[in-house]
$ cat run.txt   # compact mmCIF, C-alpha atoms and all ligand atoms
# COMPACT_ATOMS: atom_id res chain seq x y z
CA MET A 1 111.29 80.22 97.97
CA SER A 2 112.14 82.23 94.89
CA ASN A 3 111.37 85.88 94.33
CA LYS A 4 111.35 85.47 90.58
CA THR A 5 108.08 84.79 88.87
CA GLU A 6 109.88 84.09 85.58
CA GLU A 7 113.39 84.10 84.18
CA LYS A 8 113.06 87.56 82.66
CA THR A 9 114.01 90.68 84.62
CA ASP A 10 111.06 92.32 86.34
CA ILE A 11 111.18 95.83 84.89
CA LYS A 12 108.92 97.60 87.40
CA SER A 13 111.14 96.49 90.29
CA LEU A 14 114.18 98.33 88.88
CA THR A 15 115.32 101.75 90.08
CA LEU A 16 116.05 104.33 87.38
CA PRO A 17 119.86 103.79 87.54
CA GLN A 18 119.33 100.02 87.34
CA LEU A 19 117.05 100.45 84.34
CA GLN A 20 119.65 102.68 82.65
CA GLU A 21 122.22 99.95 83.21
CA GLU A 22 119.93 97.23 81.78
CA LEU A 23 119.18 99.27 78.67
CA LYS A 24 122.85 99.72 77.78
CA ARG A 25 122.79 96.44 75.86
CA PHE A 26 119.93 97.71 73.70
CA SER A 27 121.98 100.41 71.93
CA GLU A 28 119.24 102.97 72.47
CA PRO A 29 119.80 106.59 73.50
CA ALA A 30 120.25 107.04 77.28
CA TYR A 31 117.02 109.00 77.71
CA ARG A 32 114.95 105.91 76.82
CA ALA A 33 115.29 104.65 80.40
CA GLY A 34 113.78 107.90 81.69
CA GLN A 35 110.90 107.62 79.24
CA LEU A 36 110.16 104.04 80.22
CA TYR A 37 110.41 104.89 83.91
CA GLU A 38 108.02 107.79 83.50
CA TRP A 39 105.43 105.64 81.72
CA MET A 40 105.58 103.03 84.45
CA HIS A 41 105.97 105.05 87.63
CA ARG A 42 104.38 108.40 86.88
CA LYS A 43 101.78 107.75 84.23
CA LEU A 44 101.13 104.31 85.74
CA VAL A 45 100.36 102.57 82.46
CA ALA A 46 99.55 98.88 82.68
CA ASP A 47 101.40 97.70 79.58
CA TYR A 48 104.03 98.57 76.94
CA GLU A 49 101.20 99.03 74.43
CA GLU A 50 100.30 102.35 76.01
CA MET A 51 103.83 103.81 75.85
CA THR A 52 103.05 105.73 72.71
CA ASN A 53 106.22 107.82 72.37
CA LEU A 54 108.36 104.68 72.12
CA SER A 55 108.77 102.90 68.81
CA LYS A 56 106.97 99.64 68.29
CA ALA A 57 110.28 97.90 67.70
CA PHE A 58 111.70 99.12 71.01
CA ARG A 59 108.55 98.11 72.86
CA GLU A 60 108.85 94.63 71.36
CA LYS A 61 112.47 94.40 72.52
CA CYS A 62 111.34 95.36 76.03
CA ARG A 63 108.60 92.78 75.97
CA GLU A 64 111.12 90.09 75.09
CA ALA A 65 113.62 91.15 77.73
CA PHE A 66 111.44 92.10 80.69
CA THR A 67 108.28 91.11 82.43
CA CYS A 68 105.99 94.06 83.13
CA THR A 69 104.02 93.33 86.31
CA THR A 70 100.38 94.32 86.16
CA LEU A 71 97.62 93.39 88.55
CA HIS A 72 94.13 92.47 87.51
CA ALA A 73 91.21 93.12 89.81
CA VAL A 74 89.32 89.87 90.37
CA LYS A 75 86.84 91.44 92.74
CA VAL A 76 86.06 94.94 94.00
CA GLN A 77 83.85 95.62 96.99
CA GLU A 78 82.67 99.03 98.07
CA SER A 79 81.46 99.84 101.54
CA ARG A 80 78.09 101.53 101.70
CA LEU A 81 79.03 102.92 105.08
CA ASP A 82 82.12 104.95 104.23
CA GLY A 83 83.10 104.42 100.58
CA THR A 84 86.06 102.19 101.48
CA LYS A 85 86.95 99.92 98.58
CA LYS A 86 88.53 96.54 98.85
CA PHE A 87 90.33 95.05 95.85
CA LEU A 88 91.26 91.44 95.28
CA PHE A 89 94.07 91.30 92.73
CA ALA A 90 95.42 88.33 90.78
CA LEU A 91 99.19 88.11 90.34
CA SER A 92 100.68 86.63 87.17
CA ASP A 93 101.08 83.20 88.78
CA GLY A 94 97.47 83.13 89.94
CA ASN A 95 98.18 84.03 93.57
CA LEU A 96 95.76 86.52 95.07
CA VAL A 97 96.42 89.59 97.19
CA GLU A 98 94.13 92.17 98.68
CA SER A 99 94.44 95.93 98.99
CA VAL A 100 92.14 98.45 100.64
CA TRP A 101 91.46 102.02 99.55
CA MET A 102 90.21 104.46 102.17
CA ARG A 103 89.23 108.08 101.82
CA TYR A 104 90.18 110.33 104.72
CA LYS A 105 89.97 114.10 105.19
CA HIS A 106 93.74 114.35 104.72
CA GLY A 107 93.74 112.33 101.49
CA ASN A 108 93.38 108.86 100.08
CA SER A 109 95.16 105.98 101.70
CA VAL A 110 95.94 102.52 100.37
CA CYS A 111 96.66 99.53 102.56
CA ILE A 112 98.77 96.99 100.69
CA SER A 113 99.86 93.39 101.20
CA SER A 114 103.55 92.47 101.35
CA GLN A 115 103.25 88.69 100.97
CA ALA A 116 100.77 86.18 99.56
CA GLY A 117 99.75 84.58 102.85
CA CYS A 118 101.83 84.87 106.00
CA ARG A 119 103.83 82.56 108.24
CA MET A 120 103.68 84.55 111.49
CA GLY A 121 100.70 82.65 112.89
CA CYS A 122 99.04 85.40 114.98
CA ARG A 123 96.04 83.72 116.57
CA PHE A 124 93.47 86.40 115.79
CA CYS A 125 94.43 86.97 112.15
CA ALA A 126 92.84 85.50 109.01
CA SER A 127 95.85 86.15 106.73
CA THR A 128 98.00 83.49 108.29
CA LEU A 129 95.52 80.61 108.41
CA ASP A 130 96.93 78.91 105.28
CA GLY A 131 100.56 79.90 105.86
CA LEU A 132 102.88 81.69 103.44
CA GLU A 133 102.57 81.19 99.67
CA ARG A 134 105.39 83.52 98.65
CA ASN A 135 106.97 86.95 99.01
CA LEU A 136 105.68 89.74 96.83
CA LEU A 137 108.09 91.45 94.44
CA PRO A 138 108.67 95.20 94.76
CA SER A 139 106.65 95.65 91.55
CA GLU A 140 103.75 93.66 92.98
CA MET A 141 103.61 95.91 96.04
CA LEU A 142 103.87 99.03 93.86
CA GLU A 143 101.25 97.82 91.41
CA GLN A 144 98.72 97.58 94.23
CA VAL A 145 99.10 101.35 94.66
CA TYR A 146 99.19 101.97 90.90
CA ALA A 147 96.22 99.72 90.05
CA VAL A 148 94.12 101.27 92.81
CA THR A 149 94.99 104.73 91.46
CA ARG A 150 94.01 103.67 87.93
CA LEU A 151 90.76 102.10 89.11
CA THR A 152 89.62 104.91 91.41
CA GLY A 153 90.97 107.71 89.21
CA GLU A 154 92.13 109.48 92.35
CA ARG A 155 95.57 110.28 93.67
CA VAL A 156 96.89 108.29 96.60
CA SER A 157 98.70 110.29 99.27
CA ASN A 158 99.25 107.72 102.02
CA VAL A 159 100.42 104.13 101.86
CA VAL A 160 100.28 101.69 104.73
CA VAL A 161 101.93 98.27 104.55
CA MET A 162 99.37 96.64 106.82
CA GLY A 163 97.64 94.15 104.59
CA THR A 164 98.42 90.46 104.38
CA GLY A 165 101.99 89.43 105.18
CA GLU A 166 104.85 90.45 107.40
CA PRO A 167 106.84 93.18 105.62
CA LEU A 168 110.03 92.58 107.61
CA ASP A 169 109.89 88.92 106.56
CA ASN A 170 110.32 90.21 102.97
CA TYR A 171 112.93 92.83 103.80
CA GLU A 172 114.88 93.36 100.54
CA ASN A 173 111.76 93.62 98.41
CA LEU A 174 110.11 95.94 100.93
CA LEU A 175 113.11 98.28 100.83
CA ARG A 176 113.17 98.41 97.03
CA PHE A 177 109.42 99.06 97.06
CA LEU A 178 109.87 101.96 99.50
CA THR A 179 112.66 103.41 97.34
CA LEU A 180 110.52 103.27 94.20
CA LEU A 181 107.32 104.51 95.88
CA THR A 182 109.01 107.60 97.33
CA ASP A 183 111.30 108.28 94.35
CA GLU A 184 111.01 111.83 93.03
CA ASN A 185 110.93 110.46 89.48
CA GLY A 186 107.99 108.22 90.34
CA LEU A 187 104.81 108.76 92.35
CA HIS A 188 106.94 110.58 94.90
CA ILE A 189 104.86 109.72 97.94
CA SER A 190 106.40 111.45 100.93
CA GLN A 191 108.23 109.06 103.28
CA ARG A 192 106.29 110.62 106.13
CA ASN A 193 103.09 109.40 104.54
CA VAL A 194 104.21 105.78 104.52
CA THR A 195 103.66 103.37 107.42
CA VAL A 196 105.13 99.89 107.75
CA SER A 197 103.52 97.61 110.32
CA THR A 198 105.39 94.67 111.87
CA CYS A 199 104.53 91.96 114.35
CA GLY A 200 107.94 92.62 115.90
CA ILE A 201 110.89 91.00 114.12
CA VAL A 202 113.62 92.60 116.20
CA PRO A 203 116.60 92.30 113.80
CA GLY A 204 114.41 93.69 111.00
CA ILE A 205 113.42 96.71 113.12
CA ARG A 206 117.08 97.42 113.89
CA ARG A 207 118.06 97.07 110.27
CA LEU A 208 115.23 99.36 109.17
CA ALA A 209 116.32 101.93 111.77
CA GLU A 210 119.72 102.05 110.10
CA GLU A 211 118.19 102.94 106.74
CA ARG A 212 117.19 106.21 108.44
CA LEU A 213 114.00 106.56 106.45
CA GLN A 214 111.33 109.02 107.56
CA ILE A 215 108.56 106.42 107.40
CA THR A 216 106.41 105.52 110.41
CA LEU A 217 106.99 102.18 112.06
CA ALA A 218 103.86 100.60 113.52
CA LEU A 219 104.40 97.80 115.97
CA SER A 220 101.65 95.25 116.57
CA LEU A 221 101.86 94.90 120.31
CA HIS A 222 98.41 93.65 121.43
CA ALA A 223 99.65 92.58 124.87
CA ALA A 224 101.95 94.11 127.47
CA THR A 225 103.32 91.03 129.20
CA ASP A 226 105.46 88.33 127.58
CA GLU A 227 103.12 85.61 128.73
CA LYS A 228 100.00 87.15 127.25
CA ARG A 229 101.73 88.20 124.07
CA ARG A 230 103.02 84.65 123.58
CA SER A 231 99.49 83.33 123.85
CA MET A 232 98.41 85.62 120.99
CA MET A 233 101.46 85.88 118.74
CA PRO A 234 104.05 83.12 118.12
CA ILE A 235 106.70 85.75 117.26
CA ALA A 236 106.72 86.65 120.99
CA GLU A 237 108.39 83.28 121.66
CA ARG A 238 111.37 84.49 119.64
CA TYR A 239 111.72 88.04 120.98
CA SER A 240 110.89 89.27 124.46
CA LEU A 241 109.10 92.55 125.11
CA ASP A 242 112.31 93.83 126.61
CA GLU A 243 114.24 93.23 123.36
CA LEU A 244 111.35 94.64 121.38
CA MET A 245 111.17 97.87 123.39
CA ARG A 246 114.92 98.32 123.05
CA ALA A 247 114.61 97.92 119.27
CA CYS A 248 111.79 100.52 119.21
CA THR A 249 113.89 102.95 121.23
CA TYR A 250 116.73 102.39 118.78
CA TYR A 251 114.38 103.10 115.84
CA PHE A 252 113.36 106.39 117.42
CA GLU A 253 116.95 107.35 118.17
CA LYS A 254 118.10 106.67 114.63
CA THR A 255 115.17 108.21 112.74
CA GLY A 256 113.54 110.67 115.14
CA ARG A 257 110.23 109.08 114.19
CA ARG A 258 107.72 108.30 116.91
CA ILE A 259 106.61 104.67 117.04
CA THR A 260 102.95 103.73 116.69
CA PHE A 261 101.83 100.81 118.82
CA GLU A 262 98.86 98.86 117.52
CA TYR A 263 96.72 97.30 120.20
CA SER A 264 93.70 95.26 119.09
CA LEU A 265 91.24 94.87 121.93
CA ALA A 266 89.67 91.46 122.47
CA ASP A 267 86.96 90.93 125.05
CA GLY A 268 88.28 89.33 128.23
CA ILE A 269 91.72 88.75 126.68
CA ASN A 270 93.66 92.01 126.79
CA ASP A 271 91.13 94.74 127.64
CA ALA A 272 91.10 94.76 131.47
CA LYS A 273 92.30 97.51 133.80
CA GLU A 274 95.43 95.46 134.58
CA ASP A 275 96.21 95.18 130.86
CA ALA A 276 96.03 98.96 130.49
CA GLU A 277 98.29 99.37 133.52
CA ALA A 278 100.85 96.91 132.17
CA LEU A 279 100.79 98.71 128.83
CA ILE A 280 101.32 102.08 130.47
CA SER A 281 104.38 100.95 132.39
CA LEU A 282 105.79 99.21 129.31
CA ILE A 283 105.57 102.10 126.86
CA LYS A 284 105.62 105.18 129.09
CA PRO A 285 109.37 105.71 128.62
CA LEU A 286 108.97 105.80 124.84
CA ASN A 287 108.00 108.59 122.53
CA CYS A 288 105.02 106.87 120.98
CA HIS A 289 101.43 106.84 119.92
CA VAL A 290 98.87 104.10 120.57
CA ASN A 291 96.26 102.98 118.09
CA LEU A 292 93.44 101.03 119.71
CA ILE A 293 91.55 98.75 117.36
CA PRO A 294 88.45 96.83 118.43
CA ILE A 295 89.47 93.36 117.26
CA ASN A 296 87.76 92.23 114.10
CA PRO A 297 86.21 88.84 114.75
CA VAL A 298 87.36 86.20 112.26
CA LYS A 299 85.09 83.20 112.03
CA GLU A 300 87.90 80.63 112.32
CA ARG A 301 89.14 82.34 115.49
CA ASN A 302 87.48 82.66 118.87
CA PHE A 303 88.26 86.27 119.73
CA ARG A 304 85.36 88.60 120.47
CA GLN A 305 85.39 92.35 120.12
CA SER A 306 85.64 94.42 123.32
CA ASP A 307 82.53 96.49 123.88
CA ARG A 308 82.44 100.25 123.43
CA ARG A 309 82.71 100.88 127.18
CA ALA A 310 85.80 98.72 127.60
CA VAL A 311 87.47 100.46 124.63
CA GLU A 312 86.67 103.94 125.98
CA GLY A 313 87.78 102.94 129.48
CA PHE A 314 91.06 101.61 128.13
CA LYS A 315 91.63 104.78 126.16
CA ASN A 316 90.88 107.06 129.11
CA LYS A 317 93.28 105.21 131.33
CA LEU A 318 96.11 105.62 128.83
CA GLU A 319 95.30 109.29 128.32
CA LYS A 320 95.28 109.99 132.05
CA ASN A 321 98.82 108.71 132.05
CA GLY A 322 99.93 111.09 129.35
CA ILE A 323 99.94 108.60 126.49
CA ASN A 324 98.86 109.68 123.04
CA VAL A 325 96.03 107.46 121.91
CA THR A 326 93.46 107.17 119.17
CA ILE A 327 90.73 104.65 118.56
CA ARG A 328 91.10 103.49 114.99
CA ARG A 329 87.99 104.20 113.01
CA GLU A 330 86.79 100.96 111.58
CA MET A 331 86.53 101.29 107.84
CA GLY A 332 84.66 98.95 105.57
CA ARG A 333 83.06 96.86 108.30
CA ASP A 334 80.48 95.60 105.84
CA ILE A 335 83.04 94.29 103.32
CA ASP A 336 85.18 91.59 104.95
CA GLY A 337 87.11 94.22 106.90
CA ALA A 338 89.72 92.13 108.74
CA CYS A 339 93.05 91.33 107.15
CA GLY A 340 92.98 88.41 104.78
CA GLN A 341 89.23 87.83 104.95
CA LEU A 342 88.42 88.72 101.37
CA ARG A 343 91.26 86.62 99.93
CA ARG A 344 90.29 83.74 102.16
CA SER A 345 86.57 83.85 101.46
CA HIS A 346 87.38 83.89 97.73
CA LEU A 347 89.79 80.94 98.00
CA MET A 348 87.27 78.90 100.00
CA LYS A 349 84.75 79.23 97.19
CA GLN A 350 87.17 77.73 94.63
CA PRO A 351 86.64 74.05 93.77
N1 LIG B 401 102.36 91.55 109.74
C1 LIG B 401 102.21 92.94 110.04
C2 LIG B 401 101.24 93.69 109.14
C3 LIG B 401 99.95 93.05 108.78
S1 LIG B 401 98.68 92.94 110.01
C4 LIG B 401 101.86 93.14 111.51
O1 LIG B 401 101.69 92.15 112.20
O2 LIG B 401 101.83 94.27 111.96
C5 LIG B 401 98.11 94.57 110.28
C6 LIG B 401 97.55 94.79 111.66
O3 LIG B 401 96.26 94.18 111.82
C7 LIG B 401 98.41 94.22 112.77
O4 LIG B 401 98.46 95.10 113.85
C8 LIG B 401 97.66 92.96 113.13
O5 LIG B 401 98.02 92.49 114.38
C9 LIG B 401 96.23 93.44 113.02
N2 LIG B 401 95.21 92.41 112.90
C10 LIG B 401 95.27 91.22 112.28
N3 LIG B 401 94.10 90.56 112.39
C11 LIG B 401 93.28 91.36 113.09
C12 LIG B 401 91.94 91.24 113.53
N4 LIG B 401 91.21 90.16 113.29
N5 LIG B 401 91.42 92.28 114.24
C13 LIG B 401 92.15 93.39 114.48
N6 LIG B 401 93.41 93.56 114.10
C14 LIG B 401 93.98 92.55 113.40

$ encode --input "run.txt" --output "structure tokens"
Amino acid sequence: MSNKTEEKTDIKSLTLPQLQEELKRFSEPAYRAGQLYEWMHRKLVADYEEMTNLSKAFREKCREAFTCTTLHAVKVQESRLDGTKKFLFALSDGNLVESVWMRYKHGNSVCISSQAGCRMGCRFCASTLDGLERNLLPSEMLEQVYAVTRLTGERVSNVVVMGTGEPLDNYENLLRFLTLLTDENGLHISQRNVTVSTCGIVPGIRRLAEERLQITLALSLHAATDEKRRSMMPIAERYSLDELMRACTYYFEKTGRRITFEYSLADGINDAKEDAEALISLIKPLNCHVNLIPINPVKERNFRQSDRRAVEGFKNKLEKNGINVTIRREMGRDIDGACGQLRRSHLMKQP
């Protein structure tokens, strides 16, 4: 699998020092790199055309030397319930990715995809049904944030990498994306306002811990025994809960950042009293937070959502045991809410 869409260098995936290096062969003054970078990462323009303080000749040279990744919205859906917007974007090779824009009291948040498709195979998830198409480039992850900002006309303050794909299965590109997204010369999103969600690739978690970023790591747990987790998530065959918890502890030790555990509740699968008890004994030693999510039924999958009472009961039990817990507000229920549903429903309609 190649990360290159074309032979040319992908200009929006370069850091400022890398761009300065690339431009040396152009015999242009050194400040050109800064100008280009500002157009792309601060002013968020879609194309060289709009970079009006650069000469036409220089823009042409750039066009010949670099690809400039831009996403085009193929479909936009807006929730009538809460204003959540879901965007389906086309990449330059025709692949599709989806991003979700949510408005919260503390600011606007964008949920982005890290891969086209996914190969993790979680049994309740729509994103993985057709497997992995390819990794997204750093620029393609960034452009989801930039394009959403252009289209809504509002500033984004939080970014969550929780859309389609497994971010730690696209590690190098994810890291470059995080560097560019939080760069003070770019959008400068605070690291603390960025969350990366993983299904639990243990070596990736350990490696990320060593980067000592101040981002939040969300771990998709969904079950508190190895047996049950294996029945829901193939990745659990590779790494035991014991290894996973040790990796989470390591992440906290290295970064000082509390882990968020994601737990999607499915009726009769993982929402019983015993499940809550197993979860409590598993995570009690950790400094963590639990996000309970009523599972979003996907038509190709046979998981049903836990009812309100089961969700509340589960939450109360955790709280009584001193665990920090929130029930995730479901946003955009009326617009193909669950991961990968919009992309999939669009693909299914193609001839
Ligand atoms: N691959 C990463 C990030 C993408 S999935 C991960 O696994 O964390 C984002 C979150 O949505 C994960 O917690 C995932 O388990 C959850 N999820 C996927 N499908 C879901 C569904 N149908 N209902 C509720 N949560 C779902």

$ residues_around --input "run.txt" --residues "region 109-117 of chain A" --least-positions-apart "5" --cutoff "7 Å" --atoms "only C-alpha atoms" --output "NGL selection string"
:A and (95-103 or 127-128 or 130-136 or 141 or 144-145 or 156-167)

$ residues_near_ligand --input "run.txt" --ligand "ligand LIG 401 (chain B)" --cutoff "9 Å" --atoms "all atoms listed in the file" --output "NGL selection string"
:A and (113-114 or 118 or 120 or 122-127 or 161-169 or 196-200 or 218-222 or 233 or 261-266 or 293-298 or 301 or 303 or 305 or 337-341)

$ atom_distance --input "run.txt" --atom1 "CA of Thr52 (chain A)" --atom2 "CA of Asp93 (chain A)"
27.7 Å

$ atom_distance --input "run.txt" --atom1 "CA of Leu54 (chain A)" --atom2 "CA of Leu16 (chain A)"
17.1 Å

$ atom_distance --input "run.txt" --atom1 "CA of Arg42 (chain A)" --atom2 "CA of Gly186 (chain A)"
5.0 Å

$ closest_residue --input "run.txt" --among "A:Tyr104, A:Tyr146, A:Phe58, A:Tyr251" --to "Leu71 (chain A)" --atoms "all atoms listed in the file"
A:Tyr146

$ residues_around --input "run.txt" --residues "Glu60 (chain A)" --least-positions-apart "6" --cutoff "12 Å" --atoms "all atoms listed in the file" --output "VMD selection string"
chain A and resid 26 47 to 49 51 54 66 to 67

$ closest_residue --input "run.txt" --among "A:Glu140, A:Ile327, A:Leu44, A:Gly332" --to "Phe89 (chain A)" --atoms "all atoms listed in the file"
A:Glu140

$ axis_aligned_box --input "run.txt" --around "region 167-173 of chain A" --padding-each-side "6 Å" --output "lines of an AutoDock Vina configuration file"
center_x = 110.9
center_y = 91.3
center_z = 103.0
size_x = 20.0
size_y = 16.7
size_z = 21.2

$ closest_residue --input "run.txt" --among "A:Arg246, A:Lys284, A:His188, A:Arg63" --to "Ile205 (chain A)" --atoms "all atoms listed in the file"
A:Arg246

$ residues_around --input "run.txt" --residues "Lys273 (chain A)" --least-positions-apart "3" --cutoff "10 Å" --atoms "all atoms listed in the file" --output "PyMOL selection string"
chain A and resi 270+276-279+310+313-314+317

$ closest_residue --input "run.txt" --among "A:Arg206, A:Lys75, A:Ala46, A:Ser240" --to "Ser345 (chain A)" --atoms "all atoms listed in the file"
A:Lys75

$ closest_residue --input "run.txt" --among "A:Asp334, A:Asp275, A:Glu211, A:Glu7" --to "Glu172 (chain A)" --atoms "only C-alpha atoms"
A:Glu211

$ closest_residue --input "run.txt" --among "A:Arg333, A:Glu28, A:Thr179, A:Asn302" --to "Ala57 (chain A)" --atoms "all atoms listed in the file"
A:Glu28
